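Printed here is my_file27.tsv (TSV, C-alpha atoms):
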```tsv
chain	number	residue	atom	x	y	z
A	97	MET	CA	200.41	13.91	-85.62
A	98	ILE	CA	196.69	13.43	-86.25
A	99	LYS	CA	196.03	13.38	-90.00
A	100	ILE	CA	192.75	14.73	-91.36
A	101	LYS	CA	192.14	14.30	-95.12
A	102	ASN	CA	188.62	14.93	-96.31
A	103	ASP	CA	186.64	17.22	-98.62
A	104	GLN	CA	184.77	18.38	-95.54
A	105	LEU	CA	187.99	19.41	-93.86
A	106	ILE	CA	186.65	22.42	-91.98
A	107	ASP	CA	183.80	20.41	-90.46
A	108	LYS	CA	186.22	17.71	-89.30
A	109	VAL	CA	188.57	20.27	-87.78
A	110	TYR	CA	185.59	21.97	-86.12
A	111	LYS	CA	184.35	18.72	-84.56
A	112	LYS	CA	187.85	17.81	-83.35
A	113	ILE	CA	188.62	21.16	-81.70
A	114	LYS	CA	185.14	21.37	-80.18
A	115	GLN	CA	185.58	17.90	-78.69
A	116	MET	CA	189.00	18.88	-77.34
A	117	ILE	CA	187.29	21.73	-75.48
A	118	LEU	CA	184.48	19.53	-74.17
A	119	ASP	CA	186.95	16.82	-73.07
A	120	GLY	CA	189.18	19.33	-71.28
A	121	GLN	CA	192.17	18.80	-73.59
A	122	LEU	CA	191.95	22.53	-74.16
A	123	ILE	CA	191.66	23.96	-70.65
A	124	PRO	CA	189.18	26.73	-69.74
A	125	GLY	CA	191.04	30.03	-69.86
A	126	GLN	CA	193.82	28.59	-72.05
A	127	LYS	CA	195.01	30.73	-74.97
A	128	ILE	CA	194.37	29.16	-78.36
A	129	ASN	CA	197.65	28.56	-80.19
A	130	LYS	CA	196.53	28.28	-83.80
A	131	VAL	CA	199.93	27.13	-85.09
A	132	GLU	CA	200.10	24.30	-82.53
A	133	LEU	CA	196.56	23.20	-83.42
A	134	ALA	CA	197.38	23.26	-87.13
A	135	ASN	CA	200.45	21.10	-86.54
A	136	LEU	CA	198.56	18.70	-84.26
A	137	LEU	CA	195.75	18.21	-86.76
A	138	GLY	CA	198.00	18.20	-89.83
A	139	VAL	CA	196.23	21.08	-91.55
A	140	SER	CA	197.06	24.61	-92.68
A	141	ILE	CA	196.24	27.67	-90.60
A	142	THR	CA	193.28	28.57	-92.88
A	143	PRO	CA	190.75	26.00	-91.55
A	144	ILE	CA	191.98	26.68	-88.00
A	145	ASN	CA	191.17	30.39	-88.41
A	146	GLU	CA	187.68	29.60	-89.69
A	147	VAL	CA	186.95	27.07	-86.96
A	148	VAL	CA	188.19	29.30	-84.13
A	149	SER	CA	185.95	32.13	-85.39
A	150	ARG	CA	183.02	29.72	-85.59
A	151	LEU	CA	183.58	28.43	-82.06
A	152	ALA	CA	183.85	32.02	-80.80
A	153	GLY	CA	180.42	32.65	-82.31
A	154	GLU	CA	179.09	29.61	-80.43
A	155	LYS	CA	180.55	30.86	-77.13
A	156	PHE	CA	183.07	28.03	-76.77
A	157	ILE	CA	185.92	30.51	-77.26
A	158	ASP	CA	186.35	34.13	-76.17
A	159	LYS	CA	188.05	36.71	-78.37
A	160	MET	CA	190.00	39.24	-76.31
A	161	LYS	CA	191.06	42.43	-78.03
A	162	ARG	CA	194.81	42.56	-78.73
A	163	LYS	CA	195.32	39.34	-76.75
A	164	GLY	CA	193.89	36.63	-79.00
A	165	TYR	CA	191.46	33.75	-78.49
A	166	PHE	CA	190.93	31.85	-75.25
A	167	VAL	CA	188.87	28.79	-74.29
A	168	LYS	CA	185.77	30.16	-72.60
A	169	LYS	CA	185.73	29.80	-68.84
A	170	PHE	CA	182.16	29.51	-67.62
A	171	THR	CA	181.11	31.33	-64.46
A	172	PHE	CA	178.85	29.91	-61.77
A	173	ASN	CA	176.13	32.14	-63.18
A	174	ASP	CA	176.62	30.64	-66.67
A	175	LEU	CA	176.32	27.14	-65.23
A	176	LYS	CA	173.25	28.13	-63.22
A	177	GLU	CA	171.57	29.13	-66.49
A	178	PHE	CA	172.58	25.84	-68.14
A	179	PHE	CA	170.91	23.86	-65.36
A	180	ALA	CA	167.72	25.90	-65.66
A	181	VAL	CA	167.61	25.02	-69.37
A	182	ARG	CA	168.38	21.37	-68.63
A	183	ALA	CA	165.57	21.19	-66.05
A	184	GLY	CA	163.04	22.26	-68.68
A	185	LEU	CA	164.30	20.44	-71.75
A	186	GLU	CA	165.28	17.16	-70.11
A	187	GLY	CA	161.98	17.12	-68.27
A	188	ILE	CA	160.09	17.25	-71.56
A	189	ALA	CA	162.58	14.88	-73.22
A	190	ILE	CA	162.24	12.16	-70.59
A	191	ARG	CA	158.46	12.40	-70.81
A	192	LEU	CA	158.70	11.90	-74.58
A	193	CYS	CA	161.04	8.92	-74.10
A	194	ILE	CA	158.60	7.16	-71.80
A	195	THR	CA	155.66	7.92	-74.08
A	196	LEU	CA	157.28	6.95	-77.38
A	197	LEU	CA	159.88	4.24	-76.73
A	198	SER	CA	159.37	0.50	-76.53
A	199	ASP	CA	160.25	-1.42	-73.36
A	200	GLU	CA	163.38	-2.70	-75.10
A	201	GLU	CA	164.49	0.82	-75.99
A	202	LEU	CA	163.84	2.08	-72.47
A	203	ASN	CA	166.06	-0.73	-71.16
A	204	GLU	CA	169.05	1.33	-72.35
A	205	PHE	CA	168.64	3.42	-69.18
A	206	ASN	CA	168.37	0.53	-66.75
A	207	HIS	CA	171.98	-0.44	-66.07
A	208	ILE	CA	173.92	2.82	-66.43
A	209	PHE	CA	174.45	3.16	-62.67
A	210	ASP	CA	174.38	-0.52	-61.66
A	211	LYS	CA	178.09	-0.79	-60.85
A	212	PHE	CA	178.24	2.15	-58.45
A	213	TYR	CA	178.20	1.69	-54.69
A	214	LEU	CA	178.92	4.42	-52.18
A	215	PRO	CA	181.45	5.55	-51.20
A	216	LEU	CA	183.23	5.78	-54.58
A	217	ASP	CA	187.00	5.61	-54.94
A	218	GLU	CA	188.76	7.93	-57.40
A	219	LYS	CA	188.51	5.52	-60.34
A	220	ASN	CA	184.82	4.90	-59.81
A	221	TYR	CA	184.21	8.60	-59.24
A	222	ASN	CA	185.62	9.36	-62.70
A	223	SER	CA	183.51	6.54	-64.16
A	224	TYR	CA	180.48	8.00	-62.42
A	225	ILE	CA	181.02	11.36	-64.13
A	226	LYS	CA	180.99	9.60	-67.51
A	227	ALA	CA	177.89	7.60	-66.56
A	228	ASP	CA	176.18	10.81	-65.46
A	229	GLN	CA	176.95	12.42	-68.83
A	230	GLU	CA	175.83	9.31	-70.73
A	231	PHE	CA	172.53	9.15	-68.86
A	232	HIS	CA	171.57	12.76	-69.49
A	233	GLU	CA	172.76	12.78	-73.11
A	234	LYS	CA	170.76	9.60	-73.75
A	235	ILE	CA	167.56	11.27	-72.53
A	236	ILE	CA	167.99	13.93	-75.21
A	237	GLU	CA	169.22	11.48	-77.87
A	238	LEU	CA	166.26	9.10	-77.53
A	239	CYS	CA	163.44	11.62	-77.05
A	240	GLY	CA	162.60	11.70	-80.77
A	241	ASN	CA	162.14	15.48	-80.89
A	242	SER	CA	164.39	16.94	-83.58
A	243	ILE	CA	164.26	20.48	-82.18
A	244	ILE	CA	165.42	19.39	-78.71
A	245	ILE	CA	168.12	17.17	-80.23
A	246	ASP	CA	169.37	19.92	-82.57
A	247	PHE	CA	169.36	22.46	-79.74
A	248	ASP	CA	171.64	20.25	-77.68
A	249	LYS	CA	173.94	19.63	-80.65
A	250	SER	CA	174.16	23.34	-81.41
A	251	PHE	CA	174.75	24.62	-77.87
A	252	ASN	CA	176.07	21.56	-76.02
A	253	PHE	CA	174.46	22.87	-72.85
A	254	ILE	CA	174.73	19.45	-71.19
A	255	MET	CA	178.44	18.98	-71.79
A	256	LYS	CA	179.23	22.63	-71.03
A	257	SER	CA	177.64	22.21	-67.61
A	258	TYR	CA	180.37	19.71	-66.62
A	259	GLN	CA	183.21	22.22	-67.03
A	260	LYS	CA	183.70	22.56	-63.26
A	261	GLY	CA	183.03	18.85	-62.65
A	262	LEU	CA	180.05	17.50	-60.73
A	263	ILE	CA	178.07	20.25	-59.04
A	264	ARG	CA	176.81	17.88	-56.37
A	265	PRO	CA	178.53	14.70	-55.11
A	266	PRO	CA	177.46	11.13	-55.97
A	267	GLU	CA	176.33	10.76	-52.35
A	268	GLU	CA	173.46	13.11	-53.29
A	269	THR	CA	172.88	12.37	-56.96
A	270	LEU	CA	173.21	8.57	-57.25
A	271	SER	CA	169.95	7.95	-55.39
A	272	GLU	CA	168.25	10.62	-57.51
A	273	HIS	CA	169.41	8.95	-60.72
A	274	LEU	CA	168.13	5.58	-59.50
A	275	GLU	CA	164.75	7.12	-58.61
A	276	ILE	CA	164.48	8.56	-62.12
A	277	ILE	CA	165.35	5.18	-63.65
A	278	ASN	CA	162.68	3.48	-61.50
A	279	ALA	CA	160.12	5.98	-62.78
A	280	ILE	CA	161.22	5.15	-66.34
A	281	LYS	CA	160.80	1.42	-65.63
A	282	GLU	CA	157.32	2.09	-64.27
A	283	ARG	CA	156.53	4.24	-67.35
A	284	ASN	CA	155.46	7.00	-65.01
A	285	SER	CA	156.22	9.97	-67.24
A	286	GLN	CA	154.91	12.63	-64.88
A	287	LYS	CA	156.97	11.34	-61.95
A	288	ALA	CA	160.10	11.04	-64.12
A	289	GLN	CA	159.66	14.60	-65.36
A	290	GLU	CA	159.19	15.93	-61.83
A	291	LEU	CA	162.22	14.00	-60.54
A	292	ILE	CA	164.62	15.13	-63.27
A	293	THR	CA	163.41	18.72	-63.05
A	294	SER	CA	164.02	18.68	-59.28
A	295	HIS	CA	167.39	16.97	-59.85
A	296	HIS	CA	168.63	19.87	-62.00
A	297	LEU	CA	167.04	22.63	-59.96
A	298	LYS	CA	168.86	21.35	-56.84
A	299	SER	CA	172.15	21.72	-58.73
A	300	ARG	CA	171.05	25.17	-59.85
A	301	GLU	CA	170.47	26.13	-56.19
A	302	VAL	CA	174.03	25.05	-55.32
A	303	LEU	CA	175.37	27.15	-58.20
A	304	GLN	CA	173.28	30.10	-57.06
A	305	SER	CA	174.88	29.96	-53.61
A	306	LYS	CA	178.36	29.73	-55.14
A	307	HIS	CA	177.59	32.61	-57.49
A	308	LEU	CA	176.55	34.81	-54.57
A	309	LYS	CA	179.61	33.74	-52.54
A	310	TYR	CA	182.21	34.44	-55.24
A	311	GLU	CA	180.66	37.36	-57.17
```

Before we go any further, please render this structure as structure tokens.
Amino acid sequence: MIKIKNDQLIDKVYKKIKQMILDGQLIPGQKINKVELANLLGVSITPINEVVSRLAGEKFIDKMKRKGYFVKKFTFNDLKEFFAVRAGLEGIAIRLCITLLSDEELNEFNHIFDKFYLPLDEKNYNSYIKADQEFHEKIIELCGNSIIIDFDKSFNFIMKSYQKGLIRPPEETLSEHLEIINAIKERNSQKAQELITSHHLKSREVLQSKHLKYE
């Protein structure tokens, strides 16, 4: 049993359950069992009720009348909208990174994808997903703009967009990531912005085709 003892109990429970959703421990479409969560986290049902309501308000959980609460399952259209937002915000964020950060700080981007060579086996594929997430989160984290950073923390649009896995395979995206990193190394902010915007809009186009196919 995971023990949580803190004056800020509700915030800790909130962060834990939210992370369980983002990590896939709570599966999209799964019914929320409040009693099981309370037992797992070693708390009473009261903070669980508050946190589930809060996460429903943030669109991580759906409330279904007379059925209960369920982990939100994002549609292809939802994901398409996430990637449109990412194209805009990450484009501005990477431009800010290149403008504001020192060479040493920009070096944090340099080696994220160094260990990947195509084709990837299953282990390296899973590592690539994590590297992909790290790269894009780092762009937001290091941009220095509190509004962009807070927006990502509030809506988790980057992490939500991974719910169905990678939208495009590493065979397409690895070279794009490396191009973006080269633009960062060159401190070419306009090129980096254009590349990352195109990177996300290509994924959006794939989602658009899937949305039309399955709607």

* To do: Tell me which protein, DNA and RNA residues are within 6 Å of region 192-195 of chain A, counting only C-alpha atoms, leaving out same-chain ones fewer than 3 positions away, and put them as a list in words.
  => Ala189, Cys239, Arg283 and Ser285 of chain A

Would you mind exporting the chosen residues as a CSV table (one decimal), in the coordinates of the input, restricted to C-alpha atoms?
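New file again_34.csv:
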```
chain,number,residue,atom,x,y,z
A,189,ALA,CA,162.6,14.9,-73.2
A,239,CYS,CA,163.4,11.6,-77.0
A,283,ARG,CA,156.5,4.2,-67.4
A,285,SER,CA,156.2,10.0,-67.2
```

* Using all atoms listed in the file, which residues sit within 12 Å of region 161-163 of chain A once same-chain residues fewer than 2 positions away are excluded, as a ChimeraX atom specification? -> /A:126-129,158-159,165-166

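Computed from the coordinates, the CA of Val109 (chain A) to CA of Gly153 (chain A) distance equals 15.8 Å.
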
* To do: Extract, using only C-alpha atoms, all DNA, RNA and protein residues at most 10 Å from region 212-225 of chain A, discarding same-chain residues fewer than 3 positions from it, and format them as a PyMOL selection string.
  => chain A and resi 208-209+228-231+258+261-262+265-267+270

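The nearest approach to Leu291 (chain A) among the residues A:Phe247, A:Lys256, A:Ala227, A:Ile190, with only C-alpha atoms taken into account, belongs to A:Ile190.
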
* To do: Fewer than 5 positions away in the same chain doesn't count, so skip those; otherwise give me all residues within 10 Å of Ser294 (chain A), counting only C-alpha atoms, as a ChimeraX atom specification.
  => /A:183,187,272,288-289,299-300

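Going from CA of Asp174 (chain A) to CA of Ser250 (chain A) covers 16.6 Å.
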